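Reproduced below: upload28.pdb, with PDB, C-alpha atoms.
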ATOM      1  CA  MET A   1      86.690 125.863  81.010  1.00  0.00           C
ATOM      2  CA  ILE A   2      86.150 122.073  80.708  1.00  0.00           C
ATOM      3  CA  ARG A   3      89.471 121.604  78.917  1.00  0.00           C
ATOM      4  CA  HIS A   4      91.270 123.632  81.582  1.00  0.00           C
ATOM      5  CA  PHE A   5      89.636 121.538  84.317  1.00  0.00           C
ATOM      6  CA  ASP A   6      90.735 118.311  82.614  1.00  0.00           C
ATOM      7  CA  GLN A   7      94.283 119.639  82.416  1.00  0.00           C
ATOM      8  CA  GLU A   8      94.245 120.471  86.109  1.00  0.00           C
ATOM      9  CA  LEU A   9      92.899 116.992  86.886  1.00  0.00           C
ATOM     10  CA  ALA A  10      95.762 115.428  84.938  1.00  0.00           C
ATOM     11  CA  LYS A  11      98.207 117.689  86.790  1.00  0.00           C
ATOM     12  CA  LEU A  12      96.731 116.624  90.125  1.00  0.00           C
ATOM     13  CA  LYS A  13      97.208 112.939  89.321  1.00  0.00           C
ATOM     14  CA  GLU A  14     100.761 113.612  88.151  1.00  0.00           C
ATOM     15  CA  MET A  15     101.550 115.371  91.411  1.00  0.00           C
ATOM     16  CA  VAL A  16     100.218 112.418  93.411  1.00  0.00           C
ATOM     17  CA  LEU A  17     102.316 110.049  91.300  1.00  0.00           C
ATOM     18  CA  THR A  18     105.457 112.135  91.833  1.00  0.00           C
ATOM     19  CA  MET A  19     104.801 112.406  95.549  1.00  0.00           C
ATOM     20  CA  ALA A  20     104.380 108.636  95.754  1.00  0.00           C
ATOM     21  CA  SER A  21     107.707 108.157  94.019  1.00  0.00           C
ATOM     22  CA  HIS A  22     109.394 110.387  96.605  1.00  0.00           C
ATOM     23  CA  ALA A  23     107.712 108.497  99.451  1.00  0.00           C
ATOM     24  CA  GLU A  24     108.796 105.117  98.080  1.00  0.00           C
ATOM     25  CA  THR A  25     112.362 106.375  97.641  1.00  0.00           C
ATOM     26  CA  SER A  26     112.436 107.642 101.225  1.00  0.00           C
ATOM     27  CA  VAL A  27     111.404 104.253 102.584  1.00  0.00           C
ATOM     28  CA  THR A  28     113.869 102.421 100.348  1.00  0.00           C
ATOM     29  CA  ASN A  29     116.688 104.739 101.422  1.00  0.00           C
ATOM     30  CA  ALA A  30     115.785 104.362 105.098  1.00  0.00           C
ATOM     31  CA  ILE A  31     115.959 100.564 104.859  1.00  0.00           C
ATOM     32  CA  THR A  32     119.216 100.766 102.900  1.00  0.00           C
ATOM     33  CA  ALA A  33     120.633 103.078 105.577  1.00  0.00           C
ATOM     34  CA  LEU A  34     119.848 100.359 108.103  1.00  0.00           C
ATOM     35  CA  THR A  35     121.095  97.324 106.194  1.00  0.00           C
ATOM     36  CA  SER A  36     124.250  99.024 104.910  1.00  0.00           C
ATOM     37  CA  ARG A  37     124.819 100.981 108.160  1.00  0.00           C
ATOM     38  CA  ASN A  38     124.907 104.215 106.177  1.00  0.00           C
ATOM     39  CA  ASP A  39     124.446 107.153 108.550  1.00  0.00           C
ATOM     40  CA  GLU A  40     124.710 109.751 105.791  1.00  0.00           C
ATOM     41  CA  LEU A  41     121.818 108.182 103.899  1.00  0.00           C
ATOM     42  CA  ALA A  42     119.742 108.015 107.095  1.00  0.00           C
ATOM     43  CA  ARG A  43     120.278 111.741 107.657  1.00  0.00           C
ATOM     44  CA  LYS A  44     119.287 112.447 104.041  1.00  0.00           C
ATOM     45  CA  VAL A  45     115.963 110.676 104.582  1.00  0.00           C
ATOM     46  CA  LYS A  46     115.254 112.912 107.579  1.00  0.00           C
ATOM     47  CA  GLN A  47     116.136 116.047 105.597  1.00  0.00           C
ATOM     48  CA  ASP A  48     114.015 115.016 102.600  1.00  0.00           C
ATOM     49  CA  ASP A  49     110.857 114.681 104.691  1.00  0.00           C
ATOM     50  CA  SER A  50     110.133 118.366 104.055  1.00  0.00           C
ATOM     51  CA  VAL A  51     109.721 117.566 100.343  1.00  0.00           C
ATOM     52  CA  LEU A  52     106.720 115.367 101.082  1.00  0.00           C
ATOM     53  CA  ASP A  53     105.273 117.960 103.438  1.00  0.00           C
ATOM     54  CA  ARG A  54     105.448 120.509 100.614  1.00  0.00           C
ATOM     55  CA  PHE A  55     103.810 118.093  98.158  1.00  0.00           C
ATOM     56  CA  GLU A  56     100.889 117.533 100.504  1.00  0.00           C
ATOM     57  CA  LYS A  57     100.306 121.294 100.802  1.00  0.00           C
ATOM     58  CA  ASP A  58     100.616 121.840  97.033  1.00  0.00           C
ATOM     59  CA  ILE A  59      98.162 119.040  96.261  1.00  0.00           C
ATOM     60  CA  ASP A  60      95.670 120.418  98.766  1.00  0.00           C
ATOM     61  CA  GLU A  61      95.985 123.897  97.273  1.00  0.00           C
ATOM     62  CA  LEU A  62      95.468 122.650  93.709  1.00  0.00           C
ATOM     63  CA  ALA A  63      92.519 120.490  94.749  1.00  0.00           C
ATOM     64  CA  ILE A  64      90.811 123.388  96.522  1.00  0.00           C
ATOM     65  CA  ALA A  65      91.413 125.654  93.517  1.00  0.00           C
ATOM     66  CA  MET A  66      89.841 123.038  91.242  1.00  0.00           C
ATOM     67  CA  LEU A  67      86.778 122.780  93.452  1.00  0.00           C
ATOM     68  CA  ALA A  68      86.422 126.556  93.197  1.00  0.00           C
ATOM     69  CA  LEU A  69      86.926 126.512  89.422  1.00  0.00           C
ATOM     70  CA  LYS A  70      83.584 124.897  88.648  1.00  0.00           C
ATOM     71  CA  ALA A  71      80.950 122.645  90.179  1.00  0.00           C
ATOM     72  CA  PRO A  72      82.532 119.277  89.336  1.00  0.00           C
ATOM     73  CA  LEU A  73      80.677 116.105  88.457  1.00  0.00           C
ATOM     74  CA  ALA A  74      80.274 113.654  91.332  1.00  0.00           C
ATOM     75  CA  SER A  75      82.977 111.415  89.851  1.00  0.00           C
ATOM     76  CA  ASP A  76      85.421 114.322  89.555  1.00  0.00           C
ATOM     77  CA  LEU A  77      84.557 115.504  93.047  1.00  0.00           C
ATOM     78  CA  ARG A  78      85.411 112.072  94.448  1.00  0.00           C
ATOM     79  CA  LEU A  79      88.675 112.011  92.514  1.00  0.00           C
ATOM     80  CA  ILE A  80      89.756 115.428  93.783  1.00  0.00           C
ATOM     81  CA  THR A  81      88.940 114.702  97.418  1.00  0.00           C
ATOM     82  CA  ILE A  82      90.566 111.264  97.240  1.00  0.00           C
ATOM     83  CA  ALA A  83      93.743 112.818  95.810  1.00  0.00           C
ATOM     84  CA  MET A  84      93.904 114.955  98.952  1.00  0.00           C
ATOM     85  CA  LYS A  85      93.432 111.885 101.153  1.00  0.00           C
ATOM     86  CA  ILE A  86      96.091 109.938  99.267  1.00  0.00           C
ATOM     87  CA  SER A  87      98.570 112.796  99.654  1.00  0.00           C
ATOM     88  CA  HIS A  88      97.978 112.677 103.408  1.00  0.00           C
ATOM     89  CA  ASP A  89      98.700 108.938 103.454  1.00  0.00           C
ATOM     90  CA  LEU A  90     101.870 109.522 101.443  1.00  0.00           C
ATOM     91  CA  GLU A  91     102.991 112.231 103.860  1.00  0.00           C
ATOM     92  CA  ARG A  92     102.527 109.745 106.686  1.00  0.00           C
ATOM     93  CA  VAL A  93     104.589 107.192 104.773  1.00  0.00           C
ATOM     94  CA  GLY A  94     107.349 109.796 104.695  1.00  0.00           C
ATOM     95  CA  ASP A  95     107.000 110.226 108.450  1.00  0.00           C
ATOM     96  CA  GLU A  96     107.472 106.482 108.919  1.00  0.00           C
ATOM     97  CA  ALA A  97     110.568 106.584 106.700  1.00  0.00           C
ATOM     98  CA  THR A  98     111.952 109.308 108.966  1.00  0.00           C
ATOM     99  CA  THR A  99     111.239 107.158 112.017  1.00  0.00           C
ATOM    100  CA  ILE A 100     113.082 104.244 110.417  1.00  0.00           C
ATOM    101  CA  SER A 101     116.075 106.448 109.584  1.00  0.00           C
ATOM    102  CA  ARG A 102     116.267 107.738 113.169  1.00  0.00           C
ATOM    103  CA  ARG A 103     116.252 104.211 114.533  1.00  0.00           C
ATOM    104  CA  ALA A 104     118.822 103.169 111.936  1.00  0.00           C
ATOM    105  CA  LEU A 105     121.166 105.889 113.188  1.00  0.00           C
ATOM    106  CA  GLU A 106     120.898 104.453 116.693  1.00  0.00           C
ATOM    107  CA  LEU A 107     121.283 100.844 115.580  1.00  0.00           C
ATOM    108  CA  ASN A 108     124.325 101.698 113.473  1.00  0.00           C
ATOM    109  CA  GLN A 109     126.186 102.676 116.639  1.00  0.00           C
ATOM    110  CA  GLU A 110     126.024  99.144 118.052  1.00  0.00           C
ATOM    111  CA  PRO A 111     126.849  95.618 116.837  1.00  0.00           C
ATOM    112  CA  GLN A 112     124.124  94.205 114.600  1.00  0.00           C
ATOM    113  CA  LEU A 113     121.684  92.125 116.654  1.00  0.00           C
ATOM    114  CA  LYS A 114     120.576  89.756 113.904  1.00  0.00           C
ATOM    115  CA  PRO A 115     120.773  89.423 110.115  1.00  0.00           C
ATOM    116  CA  TYR A 116     118.421  91.859 108.421  1.00  0.00           C
ATOM    117  CA  VAL A 117     116.171  89.496 106.489  1.00  0.00           C
ATOM    118  CA  ASP A 118     112.597  90.042 107.666  1.00  0.00           C
ATOM    119  CA  ILE A 119     112.751  93.842 107.703  1.00  0.00           C
ATOM    120  CA  PRO A 120     113.835  94.237 104.050  1.00  0.00           C
ATOM    121  CA  ARG A 121     111.197  91.653 103.129  1.00  0.00           C
ATOM    122  CA  MET A 122     108.512  93.614 104.971  1.00  0.00           C
ATOM    123  CA  ALA A 123     109.658  96.799 103.258  1.00  0.00           C
ATOM    124  CA  GLU A 124     109.458  95.152  99.847  1.00  0.00           C
ATOM    125  CA  MET A 125     105.951  93.863 100.561  1.00  0.00           C
ATOM    126  CA  ALA A 126     104.689  97.212 101.872  1.00  0.00           C
ATOM    127  CA  LEU A 127     106.242  99.220  99.037  1.00  0.00           C
ATOM    128  CA  ASP A 128     104.867  96.829  96.425  1.00  0.00           C
ATOM    129  CA  MET A 129     101.403  97.371  97.917  1.00  0.00           C
ATOM    130  CA  LEU A 130     101.859 101.138  97.866  1.00  0.00           C
ATOM    131  CA  HIS A 131     103.166 101.183  94.306  1.00  0.00           C
ATOM    132  CA  GLY A 132     100.262  99.024  93.145  1.00  0.00           C
ATOM    133  CA  ALA A 133      97.686 101.205  94.898  1.00  0.00           C
ATOM    134  CA  ILE A 134      99.064 104.377  93.312  1.00  0.00           C
ATOM    135  CA  ASP A 135      99.167 102.683  89.920  1.00  0.00           C
ATOM    136  CA  ALA A 136      95.511 101.715  90.391  1.00  0.00           C
ATOM    137  CA  PHE A 137      94.682 105.345  91.173  1.00  0.00           C
ATOM    138  CA  VAL A 138      96.459 106.750  88.134  1.00  0.00           C
ATOM    139  CA  ASN A 139      95.102 104.093  85.748  1.00  0.00           C
ATOM    140  CA  ARG A 140      91.524 104.023  87.084  1.00  0.00           C
ATOM    141  CA  ASP A 141      91.794 100.364  88.097  1.00  0.00           C
ATOM    142  CA  PRO A 142      89.691  99.647  91.218  1.00  0.00           C
ATOM    143  CA  ALA A 143      89.950  95.892  90.650  1.00  0.00           C
ATOM    144  CA  LYS A 144      93.704  96.101  91.113  1.00  0.00           C
ATOM    145  CA  ALA A 145      93.173  98.186  94.228  1.00  0.00           C
ATOM    146  CA  ARG A 146      90.823  95.572  95.675  1.00  0.00           C
ATOM    147  CA  ALA A 147      93.430  92.842  95.114  1.00  0.00           C
ATOM    148  CA  ILE A 148      95.994  94.790  97.161  1.00  0.00           C
ATOM    149  CA  ILE A 149      93.918  95.111 100.328  1.00  0.00           C
ATOM    150  CA  PRO A 150      94.097  91.482 101.594  1.00  0.00           C
ATOM    151  CA  ARG A 151      97.904  91.540 101.358  1.00  0.00           C
ATOM    152  CA  ASP A 152      98.018  93.764 104.425  1.00  0.00           C
ATOM    153  CA  LYS A 153      97.487  90.652 106.550  1.00  0.00           C
ATOM    154  CA  ASP A 154     100.784  89.178 105.319  1.00  0.00           C
ATOM    155  CA  VAL A 155     102.705  92.226 106.502  1.00  0.00           C
ATOM    156  CA  ASP A 156     100.868  92.149 109.831  1.00  0.00           C
ATOM    157  CA  ALA A 157     101.805  88.496 110.302  1.00  0.00           C
ATOM    158  CA  LEU A 158     105.473  89.146 109.547  1.00  0.00           C
ATOM    159  CA  ASN A 159     105.500  92.066 111.986  1.00  0.00           C
ATOM    160  CA  LYS A 160     104.109  89.846 114.766  1.00  0.00           C
ATOM    161  CA  GLN A 161     106.584  87.086 113.932  1.00  0.00           C
ATOM    162  CA  LEU A 162     109.534  89.464 114.132  1.00  0.00           C
ATOM    163  CA  HIS A 163     108.209  90.962 117.363  1.00  0.00           C
ATOM    164  CA  ARG A 164     108.084  87.505 118.971  1.00  0.00           C
ATOM    165  CA  GLU A 165     111.606  86.743 117.800  1.00  0.00           C
ATOM    166  CA  LEU A 166     112.956  90.008 119.214  1.00  0.00           C
ATOM    167  CA  VAL A 167     111.231  89.415 122.549  1.00  0.00           C
ATOM    168  CA  SER A 168     113.050  86.072 122.765  1.00  0.00           C
ATOM    169  CA  PHE A 169     116.367  87.881 122.209  1.00  0.00           C
ATOM    170  CA  VAL A 170     115.642  90.190 125.146  1.00  0.00           C
ATOM    171  CA  ILE A 171     114.603  87.310 127.425  1.00  0.00           C
ATOM    172  CA  GLU A 172     117.811  85.434 126.648  1.00  0.00           C
ATOM    173  CA  ASP A 173     120.045  88.509 126.917  1.00  0.00           C
ATOM    174  CA  PRO A 174     118.633  91.692 128.524  1.00  0.00           C
ATOM    175  CA  SER A 175     121.543  93.725 127.119  1.00  0.00           C
ATOM    176  CA  THR A 176     119.897  93.481 123.685  1.00  0.00           C
ATOM    177  CA  ILE A 177     116.796  95.399 124.763  1.00  0.00           C
ATOM    178  CA  THR A 178     117.696  98.737 123.134  1.00  0.00           C
ATOM    179  CA  ARG A 179     118.528  97.171 119.786  1.00  0.00           C
ATOM    180  CA  ALA A 180     115.471  94.918 119.943  1.00  0.00           C
ATOM    181  CA  LEU A 181     113.157  97.847 120.696  1.00  0.00           C
ATOM    182  CA  ASN A 182     114.602  99.871 117.812  1.00  0.00           C
ATOM    183  CA  LEU A 183     114.000  96.972 115.441  1.00  0.00           C
ATOM    184  CA  MET A 184     110.454  96.592 116.777  1.00  0.00           C
ATOM    185  CA  VAL A 185     109.790 100.264 116.022  1.00  0.00           C
ATOM    186  CA  ILE A 186     111.130  99.848 112.486  1.00  0.00           C
ATOM    187  CA  SER A 187     108.997  96.758 111.958  1.00  0.00           C
ATOM    188  CA  LYS A 188     105.925  98.616 113.229  1.00  0.00           C
ATOM    189  CA  SER A 189     106.673 101.524 110.882  1.00  0.00           C
ATOM    190  CA  LEU A 190     106.713  99.131 107.942  1.00  0.00           C
ATOM    191  CA  GLU A 191     103.435  97.617 109.105  1.00  0.00           C
ATOM    192  CA  ARG A 192     101.971 101.132 109.190  1.00  0.00           C
ATOM    193  CA  ILE A 193     103.239 101.828 105.668  1.00  0.00           C
ATOM    194  CA  ALA A 194     101.311  98.757 104.531  1.00  0.00           C
ATOM    195  CA  ASP A 195      98.275 100.175 106.356  1.00  0.00           C
ATOM    196  CA  HIS A 196      98.654 103.440 104.420  1.00  0.00           C
ATOM    197  CA  ALA A 197      98.908 101.471 101.176  1.00  0.00           C
ATOM    198  CA  THR A 198      95.676  99.725 102.145  1.00  0.00           C
ATOM    199  CA  ASN A 199      94.063 103.102 102.816  1.00  0.00           C
ATOM    200  CA  VAL A 200      95.085 104.290  99.355  1.00  0.00           C
ATOM    201  CA  ALA A 201      93.669 101.136  97.755  1.00  0.00           C
ATOM    202  CA  GLU A 202      90.353 101.601  99.576  1.00  0.00           C
ATOM    203  CA  GLU A 203      90.279 105.245  98.502  1.00  0.00           C
ATOM    204  CA  VAL A 204      90.834 104.225  94.873  1.00  0.00           C
ATOM    205  CA  VAL A 205      87.824 101.913  95.037  1.00  0.00           C
ATOM    206  CA  TYR A 206      85.728 104.761  96.410  1.00  0.00           C
ATOM    207  CA  ALA A 207      87.008 107.189  93.769  1.00  0.00           C
ATOM    208  CA  TYR A 208      86.088 104.973  90.822  1.00  0.00           C
ATOM    209  CA  GLU A 209      83.222 102.823  92.123  1.00  0.00           C
ATOM    210  CA  ALA A 210      81.606 105.254  94.590  1.00  0.00           C
ATOM    211  CA  ARG A 211      81.681 102.461  97.180  1.00  0.00           C
ATOM    212  CA  ASP A 212      83.123 102.882 100.654  1.00  0.00           C
ATOM    213  CA  ILE A 213      84.677  99.504 101.498  1.00  0.00           C
ATOM    214  CA  ARG A 214      86.521 100.608 104.637  1.00  0.00           C
ATOM    215  CA  HIS A 215      85.946  98.310 107.645  1.00  0.00           C
ATOM    216  CA  LEU A 216      84.297  95.613 105.525  1.00  0.00           C
ATOM    217  CA  LYS A 217      85.388  92.030 106.208  1.00  0.00           C
ATOM    218  CA  THR A 218      86.096  91.486 102.539  1.00  0.00           C
ATOM    219  CA  PRO A 219      87.071  94.150  99.982  1.00  0.00           C
ATOM    220  CA  ASN A 220      84.938  92.387  97.352  1.00  0.00           C
ATOM    221  CA  ALA A 221      81.738  92.875  99.283  1.00  0.00           C
TER     222      ALA A 221
END
Before we go any further, please render this structure as structure tokens.
Amino acid sequence: MIRHFDQELAKLKEMVLTMASHAETSVTNAITALTSRNDELARKVKQDDSVLDRFEKDIDELAIAMLALKAPLASDLRLITIAMKISHDLERVGDEATTISRRALELNQEPQLKPYVDIPRMAEMALDMLHGAIDAFVNRDPAKARAIIPRDKDVDALNKQLHRELVSFVIEDPSTITRALNLMVISKSLERIADHATNVAEEVVYAYEARDIRHLKTPNA
């Protein structure tokens, strides 16, 4: 029974890792669809969102089955419940990728408002946070997870900077409002992806240290 439970635990972590890979790919493809003005790729991102929805359901089902299999240790119980929470965050990341792809389809119909520099940079920062948080989960590394959390502020700052810049475009030329608003939505989606990465990192700390560090001023408290 114990060996079977350990196998299921390993399977659960593998499923989370695979789901994370799909979520990261969706975001990357959505940004590429924008920067390369690739409508076909944007549509693919929207279609692939169902894959992440299915992963979330499958992870929940496996987790619930494991809880019914035996009375797990407190550490295993935390790990199972956190896997379910992480899958929810990853599903939301997929939703944000879909939002980006929809806005990319609209932006691709008009002349490009400005060079795409800040948005790909934000995407890289947010995805690096997400990848690191998932790696910390798989490798039982709460210290790495803690180090990821403060980086959310950098993404927030870049989002605000881009927002201010886009507002100035609209003030100078009101005809740019639709394009500016679409870019603001994309920027906000990337900021939310960084928030989800932060959630995952906080969940990893709870899973392996049994400490809830959400809403604390410093993750090292």
Query raised in the report: Smallest atom-to-atom distance to Thr25 of chain A: which of A:Glu124, A:Asp135, A:Asp152, A:Glu61, using only C-alpha atoms?
Result: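 Selected residue with least distance to Thr25 of chain A: A:Glu124.
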Query raised in the report: Using only C-alpha atoms, which of the listed residues (A:Ala201, A:Leu183, A:Ala20, A:Leu127) sits closest to Ile148 of chain A?
Result: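 The answer is A:Ala201, which sits nearest to Ile148 of chain A.
Computed from the coordinates, the atom CA of Lys44 of chain A to atom CA of Val16 of chain A distance equals 21.8 Å.
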Query raised in the report: Which one of A:His4, A:Arg151, A:Arg179, A:Arg164 sits closest to Leu69 of chain A if you count all atoms listed in the file?
Result: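 Going through A:His4, A:Arg151, A:Arg179, A:Arg164 one by one, the smallest distance to Leu69 of chain A is for A:His4.
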Query - Residue among A:Glu56, A:Glu106, A:Asp141, A:Glu14 lying closest to Ala33 of chain A, counting all atoms listed in the file - result: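 With all atoms listed in the file as the atom set, the closest residue is A:Glu106.
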Query raised in the report: Quick one: of A:Leu73, A:Leu90, A:Leu9, A:Met84, who's nearest to His22 of chain A, counting all atoms listed in the file?
Result: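 Closest candidate: A:Leu90.
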Report task. Could you tell me how far atom CA of Arg54 of chain A lies from atom CA of Met15 of chain A, in Å and to one decimal? Result ->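 If I compute the distance from atom CA of Arg54 of chain A to atom CA of Met15 of chain A, I get 11.2 Å.
If you look at atom CA of Pro115 of chain A and atom CA of Leu41 of chain A, they are 19.8 Å away from each other.
Proximity of A:Ala207, A:Leu107, A:Ile213, A:Leu181 to Ser75 of chain A, computed with all atoms listed in the file, is greatest for A:Ala207.
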Query raised in the report: What lies within 10 Å of Ala147 of chain A using only C-alpha atoms, ignoring chain neighbours under 3 positions off, as a VMD selection string?
Result: chain A and resid 129 132 to 133 142 to 144 150 to 151 201 219 to 220
Report task. Starting from the displayed file, determine the output of the PyMOL selection byres ((chain A and resi 122) around 12) and express the residue list as a PyMOL selection string. Result -> chain A and resi 27-28+31+116-121+123-129+151-162+186-194
Report task. Given the file shown, determine the residues that the PyMOL selection byres ((chain A and resi 53) around 10) selects; report them as a list in words. Result -> Met19, Asp48, Asp49, Ser50, Val51, Leu52, Arg54, Phe55, Glu56, Lys57, Asp58, Ser87, His88, Leu90, Glu91, Arg92, Gly94 and Asp95 of chain A
**Report entry** Nearby residues (all atoms listed in the file) at most 12 Å from Arg146 of chain A, same-chain spacing under 6 positions excluded, as a PyMOL selection string
**Finding:** chain A and resi 129+132-133+136-137+152+197-206+208-209+211-214+216+218-221
